[in-house]
Amino acid sequence: MSSFTKMFSSSIGNKILVALTGLFLCSFLIIHVSGNLQLFYHDNGMAFNTYTVFMTTNPLIKTVSYILYVSILFHAFKGLHLAYKNKKARPVSYAVTNASANSHWTSRNMGVLGTILLVFIVVHMSDFWYEYKFGHLPFVKYEKNLTTGEITSSPFQGQISGKQEQYVVEAENKEVTIVKDLYAEVQEEFKNPLMVALYVIAMAAVSFHLFHGFKSGFQTLGLNHKKYNGIIRFLALYVFAIIIPVTFAAMPVYFFLK
């Protein structure tokens, strides 16, 4: 066994891989939340639906998606495994008068937070990704006036041949786009208050998980220096623990109230 293989099969090597996959997933969240902001556009879902087509058909994005799926599974299960090993190595908790004085609550409960997020990801993927790829989503027709920019939408009643997810035709000063209507699926899902509550609770878990995980990822990689620790703490708190989870949580609440 080479020294490289030994390194990444060791406990330290596994922690490094968990840190790397975690930071990769953090970068994905920035892209994901930016794209999903199109749910707030007042265009009957056209921007979101066409964005979805791009994200599911672009060859580069599809390749990165496979890396993403593997990263999610590895990060989740290897993280839980490391948490279990740490617990097993110390079956009797140290006697302390104030545990919070020794470590933050999030660092002591990363396994619990990770489990909540794993369950949420399974629900989220089955409701949207699986439904989009293998379900029976309806198609919607958008007509955009090329002069005024006005967009109207209506259910598409015609027949769609093949597996193409988007059709665009320009004629008589208008652009007609026929596309899978994932936006309608989002609207339908978030009529359910239990689903909205699940997303809000999951985003609270995301907040706590990222607050500790983003910082600890850099520490695990040895990137711990006073010159940039302040920036890392700022990003961990304001970007990953506040802005991203709150924005994600606002989406189901917006549709429920709408």
# chains A, B, ... in the order shown; residues from 1 in each chain; ligands from 1
call {"tool": "closest_atom_pairs", "arguments": {"of": "region 156-228 of chain A", "to": "region 30-42 of chain A", "cutoff": "12 Å", "atoms": "only C-alpha atoms", "output": "JSON lines"}}
result
{"residue": "A:Leu182", "atom": "CA", "partner": "A:Leu39", "partner_atom": "CA", "distance": 10.5}
{"residue": "A:Tyr183", "atom": "CA", "partner": "A:Leu39", "partner_atom": "CA", "distance": 7.6}
{"residue": "A:Ala184", "atom": "CA", "partner": "A:Leu39", "partner_atom": "CA", "distance": 10.7}
{"residue": "A:Glu185", "atom": "CA", "partner": "A:Leu39", "partner_atom": "CA", "distance": 11.8}
{"residue": "A:Val186", "atom": "CA", "partner": "A:Leu39", "partner_atom": "CA", "distance": 9.0}
{"residue": "A:Gln187", "atom": "CA", "partner": "A:Leu39", "partner_atom": "CA", "distance": 9.8}
call {"tool": "residues_around", "arguments": {"residues": "Thr52 (chain A)", "least_positions_apart": "3", "cutoff": "12 Å", "atoms": "only C-alpha atoms", "output": "PyMOL selection string"}}
result
chain A and resi 32+35-36+38-39+45-49+55-58+61-62+128-129+132-133+165-166+179-183
call {"tool": "residues_around", "arguments": {"residues": "Val196 (chain A)", "least_positions_apart": "3", "cutoff": "8 Å", "atoms": "only C-alpha atoms", "output": "list of chain:residue names"}}
result
A:Phe190, A:Lys191, A:Asn192, A:Pro193, A:Tyr199, A:Val200, A:Pro252, A:Val253, A:Phe256
call {"tool": "select_by_dssp", "arguments": {"residues": "region 16-210 of chain A", "states": "alpha helix (DSSP H)", "output": "PDB file with C-alpha atoms, in the first residue's frame"}}
result
ATOM      1  CA  ILE A  16      -9.388  15.586   5.246  1.00  0.00           C
ATOM      2  CA  LEU A  17     -11.695  13.991   2.666  1.00  0.00           C
ATOM      3  CA  VAL A  18     -14.752  14.921   4.739  1.00  0.00           C
ATOM      4  CA  ALA A  19     -13.447  18.495   4.936  1.00  0.00           C
ATOM      5  CA  LEU A  20     -12.794  18.675   1.183  1.00  0.00           C
ATOM      6  CA  THR A  21     -16.199  17.278   0.237  1.00  0.00           C
ATOM      7  CA  GLY A  22     -17.841  19.567   2.794  1.00  0.00           C
ATOM      8  CA  LEU A  23     -16.217  22.683   1.341  1.00  0.00           C
ATOM      9  CA  PHE A  24     -17.161  21.513  -2.166  1.00  0.00           C
ATOM     10  CA  LEU A  25     -20.777  21.194  -1.025  1.00  0.00           C
ATOM     11  CA  CYS A  26     -20.583  24.705   0.451  1.00  0.00           C
ATOM     12  CA  SER A  27     -19.626  26.061  -2.968  1.00  0.00           C
ATOM     13  CA  PHE A  28     -22.538  24.131  -4.495  1.00  0.00           C
ATOM     14  CA  LEU A  29     -24.962  25.737  -2.045  1.00  0.00           C
ATOM     15  CA  ILE A  30     -23.956  29.192  -3.262  1.00  0.00           C
ATOM     16  CA  ILE A  31     -24.764  28.195  -6.854  1.00  0.00           C
ATOM     17  CA  HIS A  32     -27.947  26.382  -5.854  1.00  0.00           C
ATOM     18  CA  VAL A  33     -29.408  29.232  -3.829  1.00  0.00           C
ATOM     19  CA  SER A  34     -28.481  31.740  -6.556  1.00  0.00           C
ATOM     20  CA  GLY A  35     -30.308  29.705  -9.189  1.00  0.00           C
ATOM     21  CA  ASN A  36     -33.349  29.116  -7.006  1.00  0.00           C
ATOM     22  CA  MET A  46     -40.397  30.773 -16.855  1.00  0.00           C
ATOM     23  CA  ALA A  47     -36.935  31.780 -15.587  1.00  0.00           C
ATOM     24  CA  PHE A  48     -36.867  28.937 -13.063  1.00  0.00           C
ATOM     25  CA  ASN A  49     -38.107  26.304 -15.514  1.00  0.00           C
ATOM     26  CA  THR A  50     -35.619  27.263 -18.244  1.00  0.00           C
ATOM     27  CA  TYR A  51     -32.831  27.400 -15.631  1.00  0.00           C
ATOM     28  CA  THR A  52     -33.796  23.876 -14.562  1.00  0.00           C
ATOM     29  CA  VAL A  53     -33.457  22.633 -18.130  1.00  0.00           C
ATOM     30  CA  PHE A  54     -29.981  24.135 -18.374  1.00  0.00           C
ATOM     31  CA  MET A  55     -28.900  22.556 -15.088  1.00  0.00           C
ATOM     32  CA  THR A  56     -30.145  19.107 -16.102  1.00  0.00           C
ATOM     33  CA  THR A  57     -28.972  19.018 -19.736  1.00  0.00           C
ATOM     34  CA  PRO A  59     -22.907  18.271 -20.265  1.00  0.00           C
ATOM     35  CA  LEU A  60     -20.489  20.056 -17.912  1.00  0.00           C
ATOM     36  CA  ILE A  61     -23.160  20.607 -15.265  1.00  0.00           C
ATOM     37  CA  LYS A  62     -24.275  16.978 -15.546  1.00  0.00           C
ATOM     38  CA  THR A  63     -20.687  15.784 -14.989  1.00  0.00           C
ATOM     39  CA  VAL A  64     -20.293  18.020 -11.941  1.00  0.00           C
ATOM     40  CA  SER A  65     -23.667  16.735 -10.694  1.00  0.00           C
ATOM     41  CA  TYR A  66     -22.384  13.158 -10.556  1.00  0.00           C
ATOM     42  CA  ILE A  67     -19.401  14.358  -8.519  1.00  0.00           C
ATOM     43  CA  LEU A  68     -21.866  16.212  -6.309  1.00  0.00           C
ATOM     44  CA  TYR A  69     -23.995  13.110  -5.651  1.00  0.00           C
ATOM     45  CA  VAL A  70     -20.922  11.075  -4.703  1.00  0.00           C
ATOM     46  CA  SER A  71     -19.687  13.913  -2.473  1.00  0.00           C
ATOM     47  CA  ILE A  72     -23.012  14.123  -0.642  1.00  0.00           C
ATOM     48  CA  LEU A  73     -23.076  10.389   0.058  1.00  0.00           C
ATOM     49  CA  PHE A  74     -19.410  10.228   1.069  1.00  0.00           C
ATOM     50  CA  HIS A  75     -19.587  13.329   3.256  1.00  0.00           C
ATOM     51  CA  ALA A  76     -22.756  12.143   4.990  1.00  0.00           C
ATOM     52  CA  PHE A  77     -21.854   8.535   5.697  1.00  0.00           C
ATOM     53  CA  LYS A  78     -18.156   9.070   6.364  1.00  0.00           C
ATOM     54  CA  GLY A  79     -18.999  12.002   8.643  1.00  0.00           C
ATOM     55  CA  LEU A  80     -21.447   9.852  10.604  1.00  0.00           C
ATOM     56  CA  HIS A  81     -18.878   7.056  10.735  1.00  0.00           C
ATOM     57  CA  LEU A  82     -16.221   9.374  12.160  1.00  0.00           C
ATOM     58  CA  ALA A  83     -18.703  10.714  14.720  1.00  0.00           C
ATOM     59  CA  TYR A  84     -19.525   7.123  15.741  1.00  0.00           C
ATOM     60  CA  LYS A  85     -15.837   6.226  16.056  1.00  0.00           C
ATOM     61  CA  ASN A  86     -15.171   9.286  18.194  1.00  0.00           C
ATOM     62  CA  LYS A  87     -18.101   8.392  20.442  1.00  0.00           C
ATOM     63  CA  LYS A  88     -17.002   4.769  20.683  1.00  0.00           C
ATOM     64  CA  ALA A  89     -13.450   5.787  21.554  1.00  0.00           C
ATOM     65  CA  TRP A 105     -22.931  23.095  20.709  1.00  0.00           C
ATOM     66  CA  THR A 106     -22.679  22.587  16.947  1.00  0.00           C
ATOM     67  CA  SER A 107     -19.328  20.797  17.174  1.00  0.00           C
ATOM     68  CA  ARG A 108     -20.734  18.357  19.749  1.00  0.00           C
ATOM     69  CA  MET A 110     -22.511  17.406  14.081  1.00  0.00           C
ATOM     70  CA  GLY A 111     -23.668  13.792  13.806  1.00  0.00           C
ATOM     71  CA  VAL A 112     -27.234  14.687  14.809  1.00  0.00           C
ATOM     72  CA  LEU A 113     -27.309  17.680  12.476  1.00  0.00           C
ATOM     73  CA  GLY A 114     -25.861  15.591   9.656  1.00  0.00           C
ATOM     74  CA  THR A 115     -28.526  12.913  10.135  1.00  0.00           C
ATOM     75  CA  ILE A 116     -31.313  15.520   9.938  1.00  0.00           C
ATOM     76  CA  LEU A 117     -29.804  16.897   6.746  1.00  0.00           C
ATOM     77  CA  LEU A 118     -29.404  13.446   5.192  1.00  0.00           C
ATOM     78  CA  VAL A 119     -33.108  12.714   5.757  1.00  0.00           C
ATOM     79  CA  PHE A 120     -33.993  16.121   4.331  1.00  0.00           C
ATOM     80  CA  ILE A 121     -31.833  15.594   1.221  1.00  0.00           C
ATOM     81  CA  VAL A 122     -33.548  12.262   0.514  1.00  0.00           C
ATOM     82  CA  VAL A 123     -36.993  13.917   0.787  1.00  0.00           C
ATOM     83  CA  HIS A 124     -35.909  16.910  -1.289  1.00  0.00           C
ATOM     84  CA  TYR A 130     -36.622  12.384  -9.073  1.00  0.00           C
ATOM     85  CA  GLU A 131     -39.980  13.831 -10.065  1.00  0.00           C
ATOM     86  CA  TYR A 132     -38.338  15.999 -12.723  1.00  0.00           C
ATOM     87  CA  LYS A 133     -36.214  13.203 -14.195  1.00  0.00           C
ATOM     88  CA  PHE A 134     -38.572  10.229 -13.887  1.00  0.00           C
ATOM     89  CA  LEU A 182     -41.158  22.097 -12.223  1.00  0.00           C
ATOM     90  CA  TYR A 183     -42.351  25.481 -10.957  1.00  0.00           C
ATOM     91  CA  ALA A 184     -45.879  24.048 -10.676  1.00  0.00           C
ATOM     92  CA  GLU A 185     -44.476  21.150  -8.639  1.00  0.00           C
ATOM     93  CA  VAL A 186     -42.818  23.635  -6.269  1.00  0.00           C
ATOM     94  CA  GLN A 187     -46.100  25.502  -5.861  1.00  0.00           C
ATOM     95  CA  GLU A 188     -47.980  22.281  -5.144  1.00  0.00           C
ATOM     96  CA  GLU A 189     -45.437  20.932  -2.626  1.00  0.00           C
ATOM     97  CA  PRO A 193     -47.687  23.227   5.897  1.00  0.00           C
ATOM     98  CA  LEU A 194     -45.871  20.070   7.042  1.00  0.00           C
ATOM     99  CA  MET A 195     -43.552  20.264   4.044  1.00  0.00           C
ATOM    100  CA  VAL A 196     -42.904  23.944   4.724  1.00  0.00           C
ATOM    101  CA  ALA A 197     -42.134  23.156   8.374  1.00  0.00           C
ATOM    102  CA  LEU A 198     -39.741  20.385   7.310  1.00  0.00           C
ATOM    103  CA  TYR A 199     -37.814  22.794   5.089  1.00  0.00           C
ATOM    104  CA  VAL A 200     -37.620  25.497   7.737  1.00  0.00           C
ATOM    105  CA  ILE A 201     -36.396  23.027  10.383  1.00  0.00           C
ATOM    106  CA  ALA A 202     -33.908  21.538   7.923  1.00  0.00           C
ATOM    107  CA  MET A 203     -32.550  24.999   7.099  1.00  0.00           C
ATOM    108  CA  ALA A 204     -32.050  25.638  10.819  1.00  0.00           C
ATOM    109  CA  ALA A 205     -29.995  22.436  10.891  1.00  0.00           C
ATOM    110  CA  VAL A 206     -28.101  23.614   7.805  1.00  0.00           C
ATOM    111  CA  SER A 207     -27.301  26.869   9.582  1.00  0.00           C
ATOM    112  CA  PHE A 208     -25.814  25.183  12.640  1.00  0.00           C
ATOM    113  CA  HIS A 209     -24.066  22.524  10.566  1.00  0.00           C
ATOM    114  CA  LEU A 210     -22.411  25.034   8.244  1.00  0.00           C
TER     115      LEU A 210
END
call {"tool": "residues_around", "arguments": {"residues": "Ser154 (chain A)", "least_positions_apart": "4", "cutoff": "7 Å", "atoms": "only C-alpha atoms", "output": "count of residues only"}}
result
3
call {"tool": "residues_around", "arguments": {"residues": "Tyr167 (chain A)", "least_positions_apart": "2", "cutoff": "8 Å", "atoms": "only C-alpha atoms", "output": "JSON, numbers by chain"}}
result
{"A": [164, 165, 169, 176, 177, 178, 179]}
call {"tool": "write_last_selection", "arguments": {"atoms": "C-alpha atoms", "output": "PDB file, in the first residue's frame"}}
result
ATOM      1  CA  GLN A 164     -36.580  16.793 -25.011  1.00  0.00           C
ATOM      2  CA  GLU A 165     -37.363  19.055 -22.066  1.00  0.00           C
ATOM      3  CA  VAL A 169     -39.872  28.829 -31.439  1.00  0.00           C
ATOM      4  CA  VAL A 176     -42.862  30.533 -27.658  1.00  0.00           C
ATOM      5  CA  THR A 177     -41.196  28.293 -25.085  1.00  0.00           C
ATOM      6  CA  ILE A 178     -42.573  24.896 -24.097  1.00  0.00           C
ATOM      7  CA  VAL A 179     -40.892  23.405 -21.053  1.00  0.00           C
TER       8      VAL A 179
END
call {"tool": "atom_distance", "arguments": {"atom1": "CA of Lys15 (chain A)", "atom2": "CA of Tyr228 (chain A)"}}
result
21.5 Å
call {"tool": "select_by_dssp", "arguments": {"residues": "region 163-200 of chain A", "states": "strand (DSSP E)", "output": "list in words"}}
result
Gln166, Tyr167, Val168, Val169, Glu170, Ala171, Lys174, Glu175, Val176, Thr177, Ile178, Val179 and Lys180 of chain A
call {"tool": "closest_residue", "arguments": {"among": "A:His212, A:Lys174, A:Leu257, A:Thr220", "to": "Leu235 (chain A)", "atoms": "only C-alpha atoms"}}
result
A:His212
call {"tool": "closest_residue", "arguments": {"among": "A:Glu175, A:Ala249, A:Glu170, A:Ile232", "to": "Ile151 (chain A)", "atoms": "only C-alpha atoms"}}
result
A:Glu175
call {"tool": "decode", "arguments": {"residues": "region 110-146 of chain A", "atoms": "N, CA and C atoms", "output": "compact mmCIF listing (two decimals), in the first residue's frame"}}
result
# COMPACT_ATOMS: atom_id res chain seq x y z
N MET A 110 -22.60 17.46 15.53
CA MET A 110 -22.51 17.41 14.08
C MET A 110 -23.15 16.14 13.52
N GLY A 111 -23.05 15.03 14.25
CA GLY A 111 -23.67 13.79 13.81
C GLY A 111 -25.18 13.90 13.75
N VAL A 112 -25.77 14.51 14.77
CA VAL A 112 -27.23 14.69 14.81
C VAL A 112 -27.68 15.61 13.68
N LEU A 113 -26.97 16.73 13.53
CA LEU A 113 -27.31 17.68 12.48
C LEU A 113 -27.16 17.04 11.09
N GLY A 114 -26.08 16.26 10.92
CA GLY A 114 -25.86 15.59 9.66
C GLY A 114 -26.95 14.59 9.33
N THR A 115 -27.45 13.88 10.34
CA THR A 115 -28.53 12.91 10.14
C THR A 115 -29.80 13.62 9.69
N ILE A 116 -30.13 14.73 10.33
CA ILE A 116 -31.31 15.52 9.94
C ILE A 116 -31.20 15.95 8.48
N LEU A 117 -30.01 16.42 8.11
CA LEU A 117 -29.80 16.90 6.75
C LEU A 117 -29.86 15.76 5.73
N LEU A 118 -29.36 14.59 6.10
CA LEU A 118 -29.40 13.45 5.19
C LEU A 118 -30.85 13.06 4.90
N VAL A 119 -31.68 13.02 5.94
CA VAL A 119 -33.11 12.71 5.76
C VAL A 119 -33.75 13.77 4.87
N PHE A 120 -33.43 15.03 5.13
CA PHE A 120 -33.99 16.12 4.33
C PHE A 120 -33.58 16.01 2.86
N ILE A 121 -32.32 15.70 2.60
CA ILE A 121 -31.83 15.59 1.22
C ILE A 121 -32.57 14.49 0.47
N VAL A 122 -32.81 13.36 1.14
CA VAL A 122 -33.55 12.26 0.51
C VAL A 122 -34.95 12.72 0.13
N VAL A 123 -35.64 13.42 1.06
CA VAL A 123 -36.99 13.92 0.79
C VAL A 123 -36.97 14.93 -0.35
N HIS A 124 -36.02 15.85 -0.28
CA HIS A 124 -35.91 16.91 -1.29
C HIS A 124 -35.64 16.34 -2.68
N MET A 125 -34.71 15.40 -2.76
CA MET A 125 -34.37 14.80 -4.06
C MET A 125 -35.54 14.01 -4.63
N SER A 126 -36.26 13.30 -3.78
CA SER A 126 -37.38 12.50 -4.27
C SER A 126 -38.53 13.37 -4.74
N ASP A 127 -38.74 14.51 -4.06
CA ASP A 127 -39.86 15.39 -4.41
C ASP A 127 -39.60 16.21 -5.67
N PHE A 128 -38.35 16.55 -5.93
CA PHE A 128 -38.07 17.45 -7.05
C PHE A 128 -37.17 16.81 -8.12
N TRP A 129 -35.96 16.40 -7.74
CA TRP A 129 -35.05 15.84 -8.73
C TRP A 129 -35.63 14.58 -9.37
N TYR A 130 -36.09 13.63 -8.54
CA TYR A 130 -36.62 12.38 -9.07
C TYR A 130 -37.89 12.64 -9.88
N GLU A 131 -38.73 13.53 -9.37
CA GLU A 131 -39.98 13.83 -10.06
C GLU A 131 -39.70 14.47 -11.43
N TYR A 132 -38.67 15.33 -11.47
CA TYR A 132 -38.34 16.00 -12.72
C TYR A 132 -37.77 15.01 -13.75
N LYS A 133 -36.89 14.12 -13.28
CA LYS A 133 -36.21 13.20 -14.19
C LYS A 133 -37.08 12.00 -14.59
N PHE A 134 -37.86 11.49 -13.64
CA PHE A 134 -38.57 10.23 -13.89
C PHE A 134 -40.08 10.30 -13.66
N GLY A 135 -40.55 11.43 -13.17
CA GLY A 135 -41.98 11.57 -12.93
C GLY A 135 -42.75 11.97 -14.18
N HIS A 136 -43.95 12.45 -13.99
CA HIS A 136 -44.81 12.83 -15.11
C HIS A 136 -45.22 14.29 -14.97
N LEU A 137 -44.23 15.16 -14.98
CA LEU A 137 -44.51 16.58 -14.88
C LEU A 137 -45.21 17.07 -16.14
N PRO A 138 -46.17 17.98 -15.98
CA PRO A 138 -46.81 18.56 -17.16
C PRO A 138 -45.87 19.55 -17.85
N PHE A 139 -46.19 19.89 -19.08
CA PHE A 139 -45.47 20.93 -19.80
C PHE A 139 -46.28 22.22 -19.76
N VAL A 140 -45.59 23.34 -19.79
CA VAL A 140 -46.24 24.64 -19.80
C VAL A 140 -45.74 25.42 -21.02
N LYS A 141 -46.62 26.24 -21.59
CA LYS A 141 -46.24 27.06 -22.75
C LYS A 141 -46.17 28.52 -22.35
N TYR A 142 -45.00 29.13 -22.60
CA TYR A 142 -44.82 30.56 -22.35
C TYR A 142 -44.77 31.29 -23.68
N GLU A 143 -45.46 32.40 -23.75
CA GLU A 143 -45.41 33.26 -24.92
C GLU A 143 -44.87 34.62 -24.49
N LYS A 144 -43.73 34.99 -25.06
CA LYS A 144 -43.08 36.25 -24.71
C LYS A 144 -43.17 37.21 -25.89
N ASN A 145 -43.78 38.37 -25.65
CA ASN A 145 -43.85 39.41 -26.67
C ASN A 145 -42.46 40.04 -26.80
N LEU A 146 -41.85 39.94 -27.96
CA LEU A 146 -40.48 40.41 -28.16
C LEU A 146 -40.38 41.92 -28.18
